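Student: What follows is entry.pdb, made up of PDB, C-alpha atoms, pLDDT in the B column:
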MODEL        1
ATOM      1  CA  MET A   1     124.247  75.472 122.548  1.00 87.00           C
ATOM      2  CA  VAL A   2     126.158  78.492 123.798  1.00 94.00           C
ATOM      3  CA  PHE A   3     124.180  81.729 124.009  1.00 97.00           C
ATOM      4  CA  LYS A   4     125.847  84.605 122.090  1.00 98.00           C
ATOM      5  CA  ALA A   5     125.479  88.276 122.994  1.00 97.00           C
ATOM      6  CA  LEU A   6     126.733  91.348 121.154  1.00 98.00           C
ATOM      7  CA  THR A   7     127.535  94.511 123.067  1.00 98.00           C
ATOM      8  CA  ILE A   8     127.605  97.748 121.083  1.00 97.00           C
ATOM      9  CA  ALA A   9     129.228 100.357 123.281  1.00 96.00           C
ATOM     10  CA  GLY A  10     132.246 102.444 124.142  1.00 95.00           C
ATOM     11  CA  SER A  11     135.547 101.041 125.320  1.00 95.00           C
ATOM     12  CA  ASP A  12     136.736 101.937 128.833  1.00 93.00           C
ATOM     13  CA  SER A  13     140.529 101.923 129.125  1.00 93.00           C
ATOM     14  CA  GLY A  14     140.157 101.520 132.903  1.00 92.00           C
ATOM     15  CA  GLY A  15     138.199  98.289 132.423  1.00 92.00           C
ATOM     16  CA  GLY A  16     135.330  99.155 134.748  1.00 90.00           C
ATOM     17  CA  ALA A  17     132.622 100.078 132.259  1.00 90.00           C
ATOM     18  CA  GLY A  18     131.657  99.857 128.599  1.00 93.00           C
ATOM     19  CA  ILE A  19     132.354  96.788 126.557  1.00 95.00           C
ATOM     20  CA  GLN A  20     134.938  95.585 129.044  1.00 95.00           C
ATOM     21  CA  ALA A  21     132.325  95.376 131.818  1.00 94.00           C
ATOM     22  CA  ASP A  22     129.761  93.848 129.459  1.00 96.00           C
ATOM     23  CA  LEU A  23     132.146  91.140 128.274  1.00 97.00           C
ATOM     24  CA  LYS A  24     133.124  90.304 131.864  1.00 96.00           C
ATOM     25  CA  THR A  25     129.433  89.995 132.766  1.00 95.00           C
ATOM     26  CA  PHE A  26     128.713  87.824 129.741  1.00 96.00           C
ATOM     27  CA  GLN A  27     131.612  85.533 130.689  1.00 96.00           C
ATOM     28  CA  GLU A  28     130.352  85.214 134.271  1.00 96.00           C
ATOM     29  CA  LEU A  29     126.953  84.168 132.923  1.00 95.00           C
ATOM     30  CA  GLY A  30     128.392  81.599 130.514  1.00 96.00           C
ATOM     31  CA  VAL A  31     127.511  83.712 127.470  1.00 97.00           C
ATOM     32  CA  PHE A  32     129.847  84.044 124.479  1.00 98.00           C
ATOM     33  CA  GLY A  33     130.444  87.792 124.185  1.00 98.00           C
ATOM     34  CA  MET A  34     131.154  89.801 121.059  1.00 98.00           C
ATOM     35  CA  SER A  35     131.576  93.546 120.654  1.00 98.00           C
ATOM     36  CA  ALA A  36     131.282  96.514 118.341  1.00 98.00           C
ATOM     37  CA  ILE A  37     133.096  99.570 119.667  1.00 98.00           C
ATOM     38  CA  THR A  38     131.461 102.990 119.196  1.00 96.00           C
ATOM     39  CA  ALA A  39     134.051 105.152 120.940  1.00 96.00           C
ATOM     40  CA  VAL A  40     137.323 104.761 122.769  1.00 96.00           C
ATOM     41  CA  THR A  41     137.712 106.513 126.082  1.00 93.00           C
ATOM     42  CA  ALA A  42     140.744 107.546 128.061  1.00 94.00           C
ATOM     43  CA  GLN A  43     139.563 106.957 131.600  1.00 92.00           C
ATOM     44  CA  ASN A  44     140.560 105.557 134.934  1.00 91.00           C
ATOM     45  CA  THR A  45     139.250 105.612 138.488  1.00 90.00           C
ATOM     46  CA  LEU A  46     139.950 109.361 138.663  1.00 91.00           C
ATOM     47  CA  GLY A  47     137.684 110.236 135.749  1.00 89.00           C
ATOM     48  CA  VAL A  48     137.310 110.491 131.998  1.00 89.00           C
ATOM     49  CA  GLN A  49     140.183 112.260 130.311  1.00 92.00           C
ATOM     50  CA  GLY A  50     138.922 111.919 126.738  1.00 92.00           C
ATOM     51  CA  VAL A  51     136.309 110.388 124.436  1.00 92.00           C
ATOM     52  CA  PHE A  52     137.244 109.500 120.863  1.00 95.00           C
ATOM     53  CA  PRO A  53     134.310 108.316 118.713  1.00 95.00           C
ATOM     54  CA  LEU A  54     134.513 105.921 115.797  1.00 97.00           C
ATOM     55  CA  SER A  55     132.617 106.627 112.591  1.00 98.00           C
ATOM     56  CA  ALA A  56     129.151 105.190 112.027  1.00 97.00           C
ATOM     57  CA  GLU A  57     130.674 103.300 109.090  1.00 98.00           C
ATOM     58  CA  ALA A  58     133.226 101.626 111.385  1.00 98.00           C
ATOM     59  CA  VAL A  59     130.479 100.649 113.841  1.00 98.00           C
ATOM     60  CA  ALA A  60     128.319  99.215 111.038  1.00 98.00           C
ATOM     61  CA  ALA A  61     131.288  97.218 109.694  1.00 98.00           C
ATOM     62  CA  GLN A  62     131.900  95.629 113.103  1.00 98.00           C
ATOM     63  CA  ILE A  63     128.229  94.708 113.513  1.00 98.00           C
ATOM     64  CA  GLU A  64     128.013  93.297 109.977  1.00 98.00           C
ATOM     65  CA  SER A  65     131.143  91.223 110.556  1.00 98.00           C
ATOM     66  CA  VAL A  66     129.704  89.636 113.701  1.00 98.00           C
ATOM     67  CA  ALA A  67     126.235  89.144 112.196  1.00 98.00           C
ATOM     68  CA  ALA A  68     127.537  87.556 108.990  1.00 97.00           C
ATOM     69  CA  ASP A  69     129.550  84.888 110.773  1.00 97.00           C
ATOM     70  CA  LEU A  70     128.544  84.416 114.389  1.00 97.00           C
ATOM     71  CA  GLY A  71     125.085  85.922 114.712  1.00 96.00           C
ATOM     72  CA  ALA A  72     123.729  87.099 118.051  1.00 97.00           C
ATOM     73  CA  ASP A  73     121.022  85.764 120.334  1.00 97.00           C
ATOM     74  CA  ALA A  74     120.847  89.095 122.156  1.00 96.00           C
ATOM     75  CA  VAL A  75     122.190  92.615 121.729  1.00 96.00           C
ATOM     76  CA  LYS A  76     123.013  95.197 124.395  1.00 95.00           C
ATOM     77  CA  THR A  77     123.859  98.813 123.704  1.00 94.00           C
ATOM     78  CA  GLY A  78     125.802 101.214 125.863  1.00 93.00           C
ATOM     79  CA  MET A  79     127.336 104.540 124.862  1.00 92.00           C
ATOM     80  CA  LEU A  80     126.344 105.066 121.235  1.00 91.00           C
ATOM     81  CA  PHE A  81     127.820 108.594 121.275  1.00 89.00           C
ATOM     82  CA  SER A  82     126.176 110.293 118.286  1.00 91.00           C
ATOM     83  CA  ALA A  83     122.919 110.507 116.365  1.00 90.00           C
ATOM     84  CA  ASP A  84     124.671 108.950 113.331  1.00 94.00           C
ATOM     85  CA  ILE A  85     125.783 105.924 115.351  1.00 94.00           C
ATOM     86  CA  ILE A  86     122.337 105.627 116.944  1.00 92.00           C
ATOM     87  CA  ARG A  87     120.695 105.552 113.505  1.00 93.00           C
ATOM     88  CA  THR A  88     123.256 103.025 112.260  1.00 96.00           C
ATOM     89  CA  VAL A  89     122.691 100.720 115.235  1.00 95.00           C
ATOM     90  CA  ALA A  90     118.906 100.966 114.849  1.00 93.00           C
ATOM     91  CA  GLU A  91     119.212 100.055 111.150  1.00 95.00           C
ATOM     92  CA  GLN A  92     121.456  97.089 111.958  1.00 96.00           C
ATOM     93  CA  VAL A  93     119.138  95.805 114.699  1.00 94.00           C
ATOM     94  CA  LYS A  94     116.199  95.955 112.306  1.00 94.00           C
ATOM     95  CA  LYS A  95     118.171  94.456 109.390  1.00 96.00           C
ATOM     96  CA  HIS A  96     119.267  91.439 111.422  1.00 97.00           C
ATOM     97  CA  GLY A  97     115.926  90.981 113.171  1.00 95.00           C
ATOM     98  CA  TRP A  98     117.371  91.101 116.668  1.00 94.00           C
ATOM     99  CA  GLU A  99     114.458  91.061 119.097  1.00 91.00           C
ATOM    100  CA  ARG A 100     116.358  90.547 122.345  1.00 93.00           C
ATOM    101  CA  LEU A 101     117.646  94.085 122.732  1.00 92.00           C
ATOM    102  CA  VAL A 102     118.723  95.817 125.928  1.00 91.00           C
ATOM    103  CA  VAL A 103     119.240  99.571 125.562  1.00 89.00           C
ATOM    104  CA  ASP A 104     121.480 100.992 128.287  1.00 86.00           C
ATOM    105  CA  PRO A 105     121.991 104.650 127.302  1.00 80.00           C
ATOM    106  CA  VAL A 106     125.231 105.955 128.734  1.00 73.00           C
ATOM    107  CA  MET A 107     125.502 109.723 128.744  1.00 60.00           C
ATOM    108  CA  ILE A 108     127.653 110.328 131.788  1.00 54.00           C
ATOM    109  CA  ALA A 109     130.481 108.375 133.330  1.00 52.00           C
ATOM    110  CA  LYS A 110     130.376 107.622 137.059  1.00 54.00           C
ATOM    111  CA  GLY A 111     133.857 109.002 137.633  1.00 52.00           C
ATOM    112  CA  GLY A 112     133.973 111.975 135.328  1.00 51.00           C
ATOM    113  CA  PRO A 113     132.488 114.448 132.920  1.00 47.00           C
ATOM    114  CA  VAL A 114     129.715 113.869 130.438  1.00 45.00           C
ATOM    115  CA  ALA A 115     130.472 111.282 127.767  1.00 46.00           C
ATOM    116  CA  ALA A 116     130.026 113.804 124.941  1.00 43.00           C
ATOM    117  CA  ARG A 117     127.223 113.264 122.469  1.00 49.00           C
ATOM    118  CA  ARG A 118     126.310 115.023 119.288  1.00 47.00           C
ATOM    119  CA  GLY A 119     122.533 115.016 119.000  1.00 48.00           C
ATOM    120  CA  GLY A 120     122.210 111.658 120.718  1.00 47.00           C
ATOM    121  CA  GLY A 121     119.974 112.366 123.722  1.00 50.00           C
ATOM    122  CA  GLY A 122     116.360 111.827 122.668  1.00 54.00           C
ATOM    123  CA  ALA A 123     117.319 110.110 119.415  1.00 50.00           C
ATOM    124  CA  GLU A 124     118.414 106.986 121.267  1.00 48.00           C
ATOM    125  CA  ARG A 125     115.109 106.565 123.065  1.00 50.00           C
ATOM    126  CA  ARG A 126     113.095 107.155 119.870  1.00 54.00           C
ATOM    127  CA  THR A 127     115.262 105.193 117.459  1.00 51.00           C
ATOM    128  CA  VAL A 128     116.988 102.252 119.137  1.00 54.00           C
ATOM    129  CA  ALA A 129     114.778 101.865 122.187  1.00 52.00           C
ATOM    130  CA  ALA A 130     111.639 101.580 120.066  1.00 53.00           C
ATOM    131  CA  GLY A 131     112.434  97.877 119.614  1.00 53.00           C
ATOM    132  CA  ALA A 132     114.054  97.237 122.977  1.00 51.00           C
ATOM    133  CA  CYS A 133     112.900  94.526 125.333  1.00 55.00           C
ATOM    134  CA  HIS A 134     114.546  96.463 128.191  1.00 50.00           C
ATOM    135  CA  TYR A 135     115.506 100.129 128.491  1.00 47.00           C
ATOM    136  CA  ALA A 136     117.726 101.129 131.424  1.00 59.00           C
ATOM    137  CA  GLU A 137     117.254 104.686 132.669  1.00 55.00           C
ATOM    138  CA  HIS A 138     120.248 106.414 134.254  1.00 51.00           C
ATOM    139  CA  SER A 139     118.366 109.371 135.685  1.00 45.00           C
ATOM    140  CA  GLY A 140     117.839 107.731 139.045  1.00 40.00           C
ATOM    141  CA  SER A 141     114.316 106.669 138.115  1.00 38.00           C
ATOM    142  CA  GLY A 142     115.019 102.976 137.581  1.00 41.00           C
ATOM    143  CA  SER A 143     114.420 101.355 134.234  1.00 41.00           C
ATOM    144  CA  ALA A 144     111.540 100.368 132.015  1.00 41.00           C
ATOM    145  CA  ASP A 145     110.558  97.849 129.375  1.00 41.00           C
ATOM    146  CA  ARG A 146     109.585  98.944 125.875  1.00 42.00           C
ATOM    147  CA  HIS A 147     106.076  99.748 127.053  1.00 41.00           C
ATOM    148  CA  GLY A 148     107.286 102.052 129.838  1.00 41.00           C
ATOM    149  CA  HIS A 149     106.598  99.589 132.650  1.00 40.00           C
ATOM    150  CA  PRO A 150     109.120 100.217 135.442  1.00 41.00           C
ATOM    151  CA  HIS A 151     111.726  97.765 136.679  1.00 40.00           C
ATOM    152  CA  ASP A 152     113.923  98.040 139.739  1.00 41.00           C
ATOM    153  CA  GLY A 153     117.135  97.307 137.887  1.00 40.00           C
TER     154      GLY A 153
ENDMDL
END
So that I can check it, write out the structure of this file as structure tokens.
Tutor:
Amino acid sequence: MVFKALTIAGSDSGGGAGIQADLKTFQELGVFGMSAITAVTAQNTLGVQGVFPLSAEAVAAQIESVAADLGADAVKTGMLFSADIIRTVAEQVKKHGWERLVVDPVMIAKGGPVAARRGGGGAERRTVAAGACHYAEHSGSGSADRHGHPHDG
């Protein structure tokens, strides 16, 4: 059986982050990777030139399409961009009963300005991360499981 993982994140036109990085990692680990794009970025090694979000409806449609046919053994989130998308992803995770959930909240790109969010900050931790089996902090403090127990990475 091939393990299947769904990444729900932004797309990095430079290929070094977002769903592109997730799919490369999945491939390296022998995992069949699927994706639902939340936002498209214009970025390269010099920085982020633009962030263009998709609607929550478009994100939900992508997730539903994958869930209805392929299913997912695990789900990983990245840049969810807005409170609407965060709520949509949380609803989808609950609806499909996905218990293997890694929440990797992306709020700033390594090479550029803040990946803009509209009301997303604390909503992601409260809404999506509530059911996460792993929550990755990007504040320099490491990461934690759903109970707040720290991990080194």
Student: Can you measure atom CA of Gln27 of chain A to atom CA of Lys94 of chain A for me? One decimal in Å is fine.
Tutor: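 Separating atom CA of Gln27 of chain A from atom CA of Lys94 of chain A is a distance of 26.2 Å.
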Student: Do a neighbour search on Ala17 of chain A at 12 Å with all atoms listed in the file, toss out local chain neighbours closer than 4 positions, and write the hits as a list of chain:residue names.
Tutor: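 Close residues of Ala17 of chain A: A:Thr7, A:Ala9, A:Gly10, A:Ser11, A:Asp12, A:Ser13, A:Ala21, A:Asp22, A:Leu23, A:Lys24, A:Thr25, A:Val40, A:Thr41, A:Ala42, A:Gln43, A:Asn44, A:Thr45, A:Gly47, A:Val48, A:Gly78, A:Met79, A:Asp104, A:Val106, A:Ile108, A:Ala109, A:Lys110, A:Gly111.
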Student: Suppose we keep C-alpha atoms; can you now write the selection as an mmCIF file, in the coordinates of the input?
Tutor:
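New file result-v2.cif:
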data_model
loop_
_atom_site.group_PDB
_atom_site.id
_atom_site.type_symbol
_atom_site.label_atom_id
_atom_site.label_comp_id
_atom_site.auth_asym_id
_atom_site.auth_seq_id
_atom_site.Cartn_x
_atom_site.Cartn_y
_atom_site.Cartn_z
ATOM 1 C CA THR A 7 127.535 94.511 123.067
ATOM 2 C CA ALA A 9 129.228 100.357 123.281
ATOM 3 C CA GLY A 10 132.246 102.444 124.142
ATOM 4 C CA SER A 11 135.547 101.041 125.320
ATOM 5 C CA ASP A 12 136.736 101.937 128.833
ATOM 6 C CA SER A 13 140.529 101.923 129.125
ATOM 7 C CA ALA A 21 132.325 95.376 131.818
ATOM 8 C CA ASP A 22 129.761 93.848 129.459
ATOM 9 C CA LEU A 23 132.146 91.140 128.274
ATOM 10 C CA LYS A 24 133.124 90.304 131.864
ATOM 11 C CA THR A 25 129.433 89.995 132.766
ATOM 12 C CA VAL A 40 137.323 104.761 122.769
ATOM 13 C CA THR A 41 137.712 106.513 126.082
ATOM 14 C CA ALA A 42 140.744 107.546 128.061
ATOM 15 C CA GLN A 43 139.563 106.957 131.600
ATOM 16 C CA ASN A 44 140.560 105.557 134.934
ATOM 17 C CA THR A 45 139.250 105.612 138.488
ATOM 18 C CA GLY A 47 137.684 110.236 135.749
ATOM 19 C CA VAL A 48 137.310 110.491 131.998
ATOM 20 C CA GLY A 78 125.802 101.214 125.863
ATOM 21 C CA MET A 79 127.336 104.540 124.862
ATOM 22 C CA ASP A 104 121.480 100.992 128.287
ATOM 23 C CA VAL A 106 125.231 105.955 128.734
ATOM 24 C CA ILE A 108 127.653 110.328 131.788
ATOM 25 C CA ALA A 109 130.481 108.375 133.330
ATOM 26 C CA LYS A 110 130.376 107.622 137.059
ATOM 27 C CA GLY A 111 133.857 109.002 137.633
#
Student: Given the choices A:Ile85, A:Ala58, A:Leu80, A:Leu6, which gets closest to Met34 of chain A if the distance is worked out from all atoms listed in the file?
Tutor: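 Smallest distance to Met34 of chain A is found for A:Leu6.
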Student: Counting only C-alpha atoms, which of A:Ile86, A:Ala61, A:Val31, A:Leu70 gets nearest to Val2 of chain A?
Tutor: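 Among the listed residues, the smallest separation from Val2 of chain A belongs to A:Val31.
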Student: Residues at most 6 Å from Val59 of chain A, counting all atoms listed in the file, excluding those fewer than 3 positions away in the same chain, as a PyMOL selection string?
Tutor: chain A and resi 38+56+62
Student: Taking into account all atoms listed in the file, which residue in the set A:Leu46, A:Lys4, A:Asp84, A:Ser35 is nearest to Gly16 of chain A?
Tutor: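 The closest residue to Gly16 of chain A is A:Leu46.
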Student: So how many Å separate atom CA of Glu28 of chain A and atom CA of Leu54 of chain A, to one decimal?
Tutor: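 Atom-to-atom, atom CA of Glu28 of chain A and atom CA of Leu54 of chain A are spaced 28.1 Å apart.
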Student: Which centre and which edge lengths, in Å to one decimal, describe the axis-aligned box that holds all listed atoms of segment 47-58 of chain A after 6 Å is added on each side, as JSON?
Tutor:
{"center_x": 134.7, "center_y": 106.9, "center_z": 122.4, "size_x": 23.0, "size_y": 22.6, "size_z": 38.7}
Student: Could you jot down the atom CA of Lys95 of chain A to atom CA of Ile63 of chain A separation for me, Å, one decimal place?
Tutor: 10.9 Å
Student: Using only C-alpha atoms, can you tell me which of A:Val102, A:Ala60, A:Val89, A:Ala39 comes closest to Ala74 of chain A?
Tutor: A:Val102
Student: A:Asp73, A:Ser82, A:Ala67, A:Phe3: which is nearest Phe52 of chain A, counting all atoms listed in the file?
Tutor: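 Checking each of A:Asp73, A:Ser82, A:Ala67, A:Phe3 against Phe52 of chain A, counting all atoms listed in the file, the winner is A:Ser82.
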Student: Quick one: residues within 6 Å of Ile8 of chain A, only C-alpha atoms counted, chain neighbours fewer than 3 positions away excluded, as a list in words?
Tutor: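 Neighbouring residues, sequence-local ones excluded: Ser35, Ala36, Ile37 and Thr77 of chain A.
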Student: Restricting the output to C-alpha atoms, write the selected residues as a JSON list (two decimals), in the frame of the given file.
Tutor:
[["chain", "number", "residue", "atom", "x", "y", "z"],
["A", 35, "SER", "CA", 131.58, 93.55, 120.65],
["A", 36, "ALA", "CA", 131.28, 96.51, 118.34],
["A", 37, "ILE", "CA", 133.10, 99.57, 119.67],
["A", 77, "THR", "CA", 123.86, 98.81, 123.70]]
Student: Go through A:Asp69, A:Val75, A:Gly14, A:Gln49 one by one, measure the shortest atom-to-atom distance of each to Phe26 of chain A using all atoms listed in the file, and give the residue with the smallest value.
Tutor: A:Val75
